Amino acid sequence: MSPRTPASPAASRAPEDAYTAEPFVPDRADLAALREAAAGCRGCPLHRDATRTVFGAGSAGARVMLVGEQPGDQEDRQGRPFVGPAGKLLDRALAEAGIDPGEAYVTNAVKHFKFTRAGTGGRRIHKAPTRRETTACGPWLAAELALVEPELIVVLGATAGKALLGPAFRVTRVRGTVLREEIHGRRERLVPTVHPSAVLRAEDREAAYRGLVSDLRVAARALG
Ligand code: URA
Ligand code: SF4
């Protein structure tokens, strides 16, 4: 620890440097206890404007874990991941690829919705989380991985990829391939693909959707 002068600019930045969910994550908890503890997380400033924590959903026995970016407007209102338009598209693509969406554990790199307002009181517009925020929220994802112990992680888009595999991750380079990496001390198998929201925004939506399904088929084959 370097000595700090309380009145210095460095001291006023100190709370940001300390963004982390770590003190809120209970030891030896099951998924229900983790979810309950995450509801009270104050590990970074994103809890302030969001309605609620959106923790992962699914069974501890799930063979596959899907990791997205952060909850969106609908997820923030309903308290469950991937229940909005991106989630509906994802469920359809999973089913088409041969993965039962109901059998998957679904979560996000960041558990609170980050947004800006379109004008005063306007629509809430998604804003990408920073690396500092994904790092702060990482202990929740690590705890979910340790409990679920999935056989395969499907990485949905760049934010999830960078959160799990580091800042050098490029979805275009590795999508649709099976990666083997050490993550939070565990040897994991991962199949990255595009984020379903990117499919919704794509100029050629049909082609983008086909690409997503094709990557998910790689995941289905890896699961056997
Ligand atoms: N996008 C995500 O990354 N996660 C959700 O839960 C919903 C939309
Ligand atoms: Fe905690 Fe994650 Fe929410 Fe930040 S985004 S307050 S670290 S749960």
# chains A, B, ... in the order shown; residues from 1 in each chain; ligands from 1
$ residues_around --residues "range 36-39 of chain A" --least-positions-apart "4" --cutoff "10 Å" --atoms "only C-alpha atoms" --output "VMD selection string"
chain A and resid 21 24 to 26 29 31 to 32 43 47 52 to 55 111 to 112 137 140
$ write_last_selection --atoms "C-alpha atoms" --output "compact mmCIF listing (two decimals), in the first residue's frame"
# COMPACT_ATOMS: atom_id res chain seq x y z
CA ALA A 21 -17.90 -7.74 -5.59
CA PHE A 24 -20.24 -9.58 -0.94
CA VAL A 25 -19.66 -13.16 -2.19
CA PRO A 26 -20.34 -15.68 0.61
CA ALA A 29 -22.88 -20.95 -0.66
CA LEU A 31 -26.86 -20.96 -5.95
CA ALA A 32 -29.85 -19.74 -3.93
CA GLY A 43 -19.29 -3.79 -5.42
CA HIS A 47 -26.26 -0.94 -8.53
CA ARG A 52 -32.20 -4.92 -9.20
CA THR A 53 -29.40 -7.44 -9.50
CA VAL A 54 -30.06 -9.91 -12.31
CA PHE A 55 -28.30 -13.08 -11.23
CA LYS A 111 -25.19 -8.37 -13.02
CA HIS A 112 -26.64 -4.84 -13.12
CA CYS A 137 -18.41 -8.29 -11.07
CA TRP A 140 -19.97 -13.62 -9.02
$ residues_near_ligand --ligand "ligand 1" --cutoff "7 Å" --atoms "only C-alpha atoms and all ligand atoms" --output "JSON, numbers by chain"
{"A": [68, 69, 70, 71, 72, 75, 81, 82, 83, 84, 86, 87, 107, 108, 197]}
$ write_last_selection --atoms "N, CA and C atoms" --output "PDB file, in the first residue's frame"
ATOM      1  N   GLY A  68     -23.536 -13.890 -21.167  1.00  0.00           N
ATOM      2  CA  GLY A  68     -23.784 -12.675 -21.938  1.00  0.00           C
ATOM      3  C   GLY A  68     -23.045 -11.488 -21.352  1.00  0.00           C
ATOM      4  N   GLU A  69     -23.483 -10.295 -21.719  1.00  0.00           N
ATOM      5  CA  GLU A  69     -22.798  -9.081 -21.274  1.00  0.00           C
ATOM      6  C   GLU A  69     -23.352  -8.557 -19.955  1.00  0.00           C
ATOM      7  N   GLN A  70     -24.568  -8.070 -20.004  1.00  0.00           N
ATOM      8  CA  GLN A  70     -25.236  -7.503 -18.832  1.00  0.00           C
ATOM      9  C   GLN A  70     -26.734  -7.535 -19.104  1.00  0.00           C
ATOM     10  N   PRO A  71     -27.563  -7.471 -18.030  1.00  0.00           N
ATOM     11  CA  PRO A  71     -29.001  -7.441 -18.269  1.00  0.00           C
ATOM     12  C   PRO A  71     -29.397  -6.215 -19.072  1.00  0.00           C
ATOM     13  N   GLY A  72     -30.465  -6.339 -19.848  1.00  0.00           N
ATOM     14  CA  GLY A  72     -31.011  -5.199 -20.570  1.00  0.00           C
ATOM     15  C   GLY A  72     -32.229  -4.650 -19.844  1.00  0.00           C
ATOM     16  N   GLU A  75     -34.715  -7.370 -18.686  1.00  0.00           N
ATOM     17  CA  GLU A  75     -34.110  -8.215 -17.642  1.00  0.00           C
ATOM     18  C   GLU A  75     -34.094  -7.461 -16.307  1.00  0.00           C
ATOM     19  N   PRO A  81     -32.150 -13.150 -16.480  1.00  0.00           N
ATOM     20  CA  PRO A  81     -31.333 -12.876 -17.667  1.00  0.00           C
ATOM     21  C   PRO A  81     -31.999 -13.349 -18.951  1.00  0.00           C
ATOM     22  N   PHE A  82     -31.754 -12.648 -20.027  1.00  0.00           N
ATOM     23  CA  PHE A  82     -32.177 -13.044 -21.381  1.00  0.00           C
ATOM     24  C   PHE A  82     -33.672 -13.344 -21.495  1.00  0.00           C
ATOM     25  N   VAL A  83     -34.496 -12.442 -20.982  1.00  0.00           N
ATOM     26  CA  VAL A  83     -35.945 -12.584 -21.155  1.00  0.00           C
ATOM     27  C   VAL A  83     -36.494 -11.591 -22.190  1.00  0.00           C
ATOM     28  N   GLY A  84     -35.648 -10.648 -22.658  1.00  0.00           N
ATOM     29  CA  GLY A  84     -36.075  -9.658 -23.643  1.00  0.00           C
ATOM     30  C   GLY A  84     -35.870 -10.152 -25.068  1.00  0.00           C
ATOM     31  N   ALA A  86     -33.325 -10.089 -27.182  1.00  0.00           N
ATOM     32  CA  ALA A  86     -32.093 -10.851 -27.439  1.00  0.00           C
ATOM     33  C   ALA A  86     -32.235 -12.278 -26.908  1.00  0.00           C
ATOM     34  N   GLY A  87     -32.879 -12.412 -25.755  1.00  0.00           N
ATOM     35  CA  GLY A  87     -33.074 -13.725 -25.152  1.00  0.00           C
ATOM     36  C   GLY A  87     -33.997 -14.613 -25.978  1.00  0.00           C
ATOM     37  N   THR A 107     -26.239 -16.680 -17.717  1.00  0.00           N
ATOM     38  CA  THR A 107     -25.834 -15.576 -16.840  1.00  0.00           C
ATOM     39  C   THR A 107     -25.150 -14.478 -17.650  1.00  0.00           C
ATOM     40  N   ASN A 108     -24.657 -13.476 -16.959  1.00  0.00           N
ATOM     41  CA  ASN A 108     -23.995 -12.338 -17.602  1.00  0.00           C
ATOM     42  C   ASN A 108     -22.684 -11.996 -16.904  1.00  0.00           C
ATOM     43  N   SER A 197     -27.774  -9.768 -29.462  1.00  0.00           N
ATOM     44  CA  SER A 197     -28.154  -8.377 -29.774  1.00  0.00           C
ATOM     45  C   SER A 197     -27.479  -7.898 -31.052  1.00  0.00           C
TER      46      SER A 197
END
$ residues_around --residues "range 165-175 of chain A" --least-positions-apart "2" --cutoff "12 Å" --atoms "only C-alpha atoms" --output "mmCIF file with N, CA, C and O atoms, in the first residue's frame"
data_model
loop_
_atom_site.group_PDB
_atom_site.id
_atom_site.type_symbol
_atom_site.label_atom_id
_atom_site.label_comp_id
_atom_site.auth_asym_id
_atom_site.auth_seq_id
_atom_site.Cartn_x
_atom_site.Cartn_y
_atom_site.Cartn_z
ATOM 1 N N ALA A 109 -21.781 -11.345 -17.637
ATOM 2 C CA ALA A 109 -20.505 -10.912 -17.070
ATOM 3 C C ALA A 109 -20.732 -9.863 -15.987
ATOM 4 O O ALA A 109 -20.000 -9.797 -15.000
ATOM 5 N N THR A 130 -17.666 -1.010 -18.500
ATOM 6 C CA THR A 130 -16.223 -0.840 -18.652
ATOM 7 C C THR A 130 -15.505 -2.098 -18.150
ATOM 8 O O THR A 130 -16.102 -2.939 -17.471
ATOM 9 N N ARG A 131 -14.218 -2.156 -18.452
ATOM 10 C CA ARG A 131 -13.425 -3.282 -17.969
ATOM 11 C C ARG A 131 -13.399 -3.301 -16.438
ATOM 12 O O ARG A 131 -13.425 -4.356 -15.821
ATOM 13 N N ARG A 132 -13.350 -2.127 -15.862
ATOM 14 C CA ARG A 132 -13.341 -2.041 -14.402
ATOM 15 C C ARG A 132 -14.612 -2.666 -13.802
ATOM 16 O O ARG A 132 -14.585 -3.337 -12.785
ATOM 17 N N THR A 134 -16.636 -4.981 -15.351
ATOM 18 C CA THR A 134 -16.664 -6.439 -15.565
ATOM 19 C C THR A 134 -15.711 -7.131 -14.589
ATOM 20 O O THR A 134 -16.007 -8.214 -14.076
ATOM 21 N N THR A 135 -14.579 -6.494 -14.308
ATOM 22 C CA THR A 135 -13.626 -7.071 -13.346
ATOM 23 C C THR A 135 -14.242 -7.093 -11.948
ATOM 24 O O THR A 135 -14.141 -8.089 -11.230
ATOM 25 N N GLY A 138 -16.648 -9.889 -11.629
ATOM 26 C CA GLY A 138 -16.066 -11.209 -11.895
ATOM 27 C C GLY A 138 -16.227 -12.238 -10.788
ATOM 28 O O GLY A 138 -16.455 -13.420 -11.080
ATOM 29 N N ILE A 153 -18.690 -23.710 -21.806
ATOM 30 C CA ILE A 153 -19.167 -22.326 -21.654
ATOM 31 C C ILE A 153 -19.386 -21.752 -23.046
ATOM 32 O O ILE A 153 -18.478 -21.805 -23.887
ATOM 33 N N VAL A 154 -20.570 -21.231 -23.319
ATOM 34 C CA VAL A 154 -20.805 -20.512 -24.571
ATOM 35 C C VAL A 154 -20.652 -19.021 -24.275
ATOM 36 O O VAL A 154 -21.374 -18.465 -23.443
ATOM 37 N N VAL A 155 -19.673 -18.405 -24.926
ATOM 38 C CA VAL A 155 -19.324 -17.008 -24.692
ATOM 39 C C VAL A 155 -20.069 -16.151 -25.710
ATOM 40 O O VAL A 155 -19.823 -16.257 -26.916
ATOM 41 N N LEU A 156 -20.987 -15.299 -25.234
ATOM 42 C CA LEU A 156 -21.813 -14.508 -26.139
ATOM 43 C C LEU A 156 -21.258 -13.095 -26.297
ATOM 44 O O LEU A 156 -21.555 -12.197 -25.507
ATOM 45 N N GLY A 157 -20.410 -12.900 -27.289
ATOM 46 C CA GLY A 157 -19.938 -11.565 -27.632
ATOM 47 C C GLY A 157 -18.667 -11.127 -26.925
ATOM 48 O O GLY A 157 -18.112 -11.831 -26.079
ATOM 49 N N ALA A 158 -18.223 -9.924 -27.294
ATOM 50 C CA ALA A 158 -16.909 -9.421 -26.887
ATOM 51 C C ALA A 158 -16.800 -9.143 -25.388
ATOM 52 O O ALA A 158 -15.771 -9.450 -24.781
ATOM 53 N N THR A 159 -17.840 -8.585 -24.783
ATOM 54 C CA THR A 159 -17.725 -8.241 -23.358
ATOM 55 C C THR A 159 -17.531 -9.494 -22.514
ATOM 56 O O THR A 159 -16.644 -9.547 -21.663
ATOM 57 N N ALA A 160 -18.346 -10.523 -22.774
ATOM 58 C CA ALA A 160 -18.199 -11.785 -22.036
ATOM 59 C C ALA A 160 -16.830 -12.402 -22.326
ATOM 60 O O ALA A 160 -16.161 -12.914 -21.429
ATOM 61 N N GLY A 161 -16.398 -12.334 -23.591
ATOM 62 C CA GLY A 161 -15.112 -12.907 -23.981
ATOM 63 C C GLY A 161 -13.949 -12.236 -23.271
ATOM 64 O O GLY A 161 -13.046 -12.915 -22.755
ATOM 65 N N LYS A 162 -13.981 -10.919 -23.220
ATOM 66 C CA LYS A 162 -12.900 -10.185 -22.543
ATOM 67 C C LYS A 162 -12.937 -10.438 -21.039
ATOM 68 O O LYS A 162 -11.897 -10.541 -20.390
ATOM 69 N N ALA A 163 -14.161 -10.523 -20.485
ATOM 70 C CA ALA A 163 -14.282 -10.774 -19.040
ATOM 71 C C ALA A 163 -13.700 -12.137 -18.675
ATOM 72 O O ALA A 163 -13.048 -12.287 -17.650
ATOM 73 N N THR A 177 -15.243 -21.940 -32.573
ATOM 74 C CA THR A 177 -14.164 -22.903 -32.300
ATOM 75 C C THR A 177 -14.218 -23.294 -30.815
ATOM 76 O O THR A 177 -14.761 -22.553 -29.994
ATOM 77 N N VAL A 178 -13.657 -24.446 -30.496
ATOM 78 C CA VAL A 178 -13.615 -24.895 -29.103
ATOM 79 C C VAL A 178 -12.276 -24.475 -28.503
ATOM 80 O O VAL A 178 -11.219 -24.907 -28.978
ATOM 81 N N LEU A 179 -12.320 -23.604 -27.493
ATOM 82 C CA LEU A 179 -11.102 -23.156 -26.820
ATOM 83 C C LEU A 179 -10.952 -23.911 -25.501
ATOM 84 O O LEU A 179 -11.949 -24.287 -24.881
ATOM 85 N N ARG A 180 -9.724 -24.121 -25.106
ATOM 86 C CA ARG A 180 -9.457 -24.703 -23.786
ATOM 87 C C ARG A 180 -8.565 -23.739 -23.029
ATOM 88 O O ARG A 180 -7.439 -23.489 -23.438
ATOM 89 N N GLU A 181 -9.092 -23.174 -21.956
ATOM 90 C CA GLU A 181 -8.359 -22.147 -21.214
ATOM 91 C C GLU A 181 -8.550 -22.342 -19.713
ATOM 92 O O GLU A 181 -9.568 -22.864 -19.275
ATOM 93 N N GLU A 182 -7.572 -21.822 -18.977
ATOM 94 C CA GLU A 182 -7.695 -21.833 -17.518
ATOM 95 C C GLU A 182 -8.423 -20.546 -17.096
ATOM 96 O O GLU A 182 -7.981 -19.446 -17.415
ATOM 97 N N ILE A 183 -9.558 -20.722 -16.413
ATOM 98 C CA ILE A 183 -10.353 -19.568 -15.983
ATOM 99 C C ILE A 183 -10.680 -19.709 -14.507
ATOM 100 O O ILE A 183 -11.242 -20.722 -14.087
ATOM 101 N N HIS A 184 -10.333 -18.696 -13.732
ATOM 102 C CA HIS A 184 -10.549 -18.719 -12.286
ATOM 103 C C HIS A 184 -10.069 -20.056 -11.701
ATOM 104 O O HIS A 184 -10.771 -20.694 -10.910
ATOM 105 N N GLU A 188 -11.291 -24.874 -18.495
ATOM 106 C CA GLU A 188 -12.627 -24.788 -19.093
ATOM 107 C C GLU A 188 -12.564 -24.994 -20.600
ATOM 108 O O GLU A 188 -11.564 -24.682 -21.242
ATOM 109 N N ARG A 189 -13.668 -25.509 -21.150
ATOM 110 C CA ARG A 189 -13.860 -25.550 -22.601
ATOM 111 C C ARG A 189 -14.867 -24.463 -22.955
ATOM 112 O O ARG A 189 -15.907 -24.349 -22.302
ATOM 113 N N LEU A 190 -14.555 -23.695 -23.970
ATOM 114 C CA LEU A 190 -15.423 -22.578 -24.334
ATOM 115 C C LEU A 190 -15.665 -22.531 -25.832
ATOM 116 O O LEU A 190 -14.750 -22.814 -26.614
ATOM 117 N N VAL A 191 -16.884 -22.171 -26.229
ATOM 118 C CA VAL A 191 -17.176 -21.877 -27.628
ATOM 119 C C VAL A 191 -17.698 -20.433 -27.700
ATOM 120 O O VAL A 191 -18.792 -20.150 -27.216
ATOM 121 N N PRO A 192 -16.916 -19.517 -28.260
ATOM 122 C CA PRO A 192 -17.388 -18.144 -28.398
ATOM 123 C C PRO A 192 -18.273 -17.981 -29.635
ATOM 124 O O PRO A 192 -18.098 -18.676 -30.635
ATOM 125 N N THR A 193 -19.216 -17.051 -29.524
ATOM 126 C CA THR A 193 -20.010 -16.661 -30.687
ATOM 127 C C THR A 193 -20.411 -15.201 -30.533
ATOM 128 O O THR A 193 -20.024 -14.553 -29.558
ATOM 129 N N VAL A 194 -21.157 -14.695 -31.512
ATOM 130 C CA VAL A 194 -21.588 -13.297 -31.438
ATOM 131 C C VAL A 194 -22.691 -13.147 -30.394
ATOM 132 O O VAL A 194 -23.357 -14.108 -30.031
ATOM 133 N N HIS A 195 -22.892 -11.931 -29.952
ATOM 134 C CA HIS A 195 -23.972 -11.661 -29.017
ATOM 135 C C HIS A 195 -25.293 -11.619 -29.789
ATOM 136 O O HIS A 195 -25.342 -11.073 -30.883
ATOM 137 N N ALA A 198 -26.272 -8.392 -31.316
ATOM 138 C CA ALA A 198 -25.565 -8.021 -32.549
ATOM 139 C C ALA A 198 -26.308 -8.568 -33.766
ATOM 140 O O ALA A 198 -26.317 -7.950 -34.828
ATOM 141 N N GLY A 211 -25.176 -17.537 -38.783
ATOM 142 C CA GLY A 211 -23.834 -17.618 -38.195
ATOM 143 C C GLY A 211 -23.887 -18.010 -36.723
ATOM 144 O O GLY A 211 -23.102 -18.841 -36.259
ATOM 145 N N LEU A 212 -24.836 -17.408 -36.008
ATOM 146 C CA LEU A 212 -25.002 -17.731 -34.586
ATOM 147 C C LEU A 212 -25.384 -19.206 -34.425
ATOM 148 O O LEU A 212 -24.788 -19.932 -33.617
ATOM 149 N N VAL A 213 -26.354 -19.661 -35.214
ATOM 150 C CA VAL A 213 -26.798 -21.063 -35.118
ATOM 151 C C VAL A 213 -25.643 -22.007 -35.450
ATOM 152 O O VAL A 213 -25.442 -23.029 -34.779
ATOM 153 N N SER A 214 -24.870 -21.648 -36.464
ATOM 154 C CA SER A 214 -23.750 -22.504 -36.866
ATOM 155 C C SER A 214 -22.705 -22.613 -35.743
ATOM 156 O O SER A 214 -22.182 -23.697 -35.467
ATOM 157 N N ASP A 215 -22.415 -21.503 -35.053
ATOM 158 C CA ASP A 215 -21.488 -21.548 -33.907
ATOM 159 C C ASP A 215 -22.074 -22.399 -32.775
ATOM 160 O O ASP A 215 -21.354 -23.164 -32.120
ATOM 161 N N LEU A 216 -23.382 -22.251 -32.552
ATOM 162 C CA LEU A 216 -24.018 -23.013 -31.469
ATOM 163 C C LEU A 216 -24.040 -24.505 -31.782
ATOM 164 O O LEU A 216 -24.035 -25.342 -30.869
ATOM 165 N N ARG A 217 -24.036 -24.851 -33.083
ATOM 166 C CA ARG A 217 -23.963 -26.271 -33.463
ATOM 167 C C ARG A 217 -22.608 -26.850 -33.060
ATOM 168 O O ARG A 217 -22.516 -28.020 -32.676
ATOM 169 N N VAL A 218 -21.555 -26.022 -33.149
ATOM 170 C CA VAL A 218 -20.220 -26.456 -32.696
ATOM 171 C C VAL A 218 -20.283 -26.768 -31.193
ATOM 172 O O VAL A 218 -19.751 -27.784 -30.732
ATOM 173 N N ALA A 219 -20.979 -25.890 -30.454
ATOM 174 C CA ALA A 219 -21.141 -26.114 -29.013
ATOM 175 C C ALA A 219 -21.930 -27.395 -28.750
ATOM 176 O O ALA A 219 -21.557 -28.205 -27.886
#
$ closest_residue --among "A:Arg42, A:Arg80, A:His126, A:Arg201" --to "ligand 2" --atoms "only C-alpha atoms and all ligand atoms"
A:Arg42
$ select_by_dssp --residues "range 10-139 of chain A" --states "helix (DSSP H, G or I)" --output "ChimeraX atom specification"
/A:10-17,22-24,31-38,45-47,73-78,85-97,101-103,131-139
$ closest_residue --among "A:Arg77, A:Lys114, A:Arg92, A:Arg35" --to "Arg48 in chain A" --atoms "only C-alpha atoms"
A:Lys114
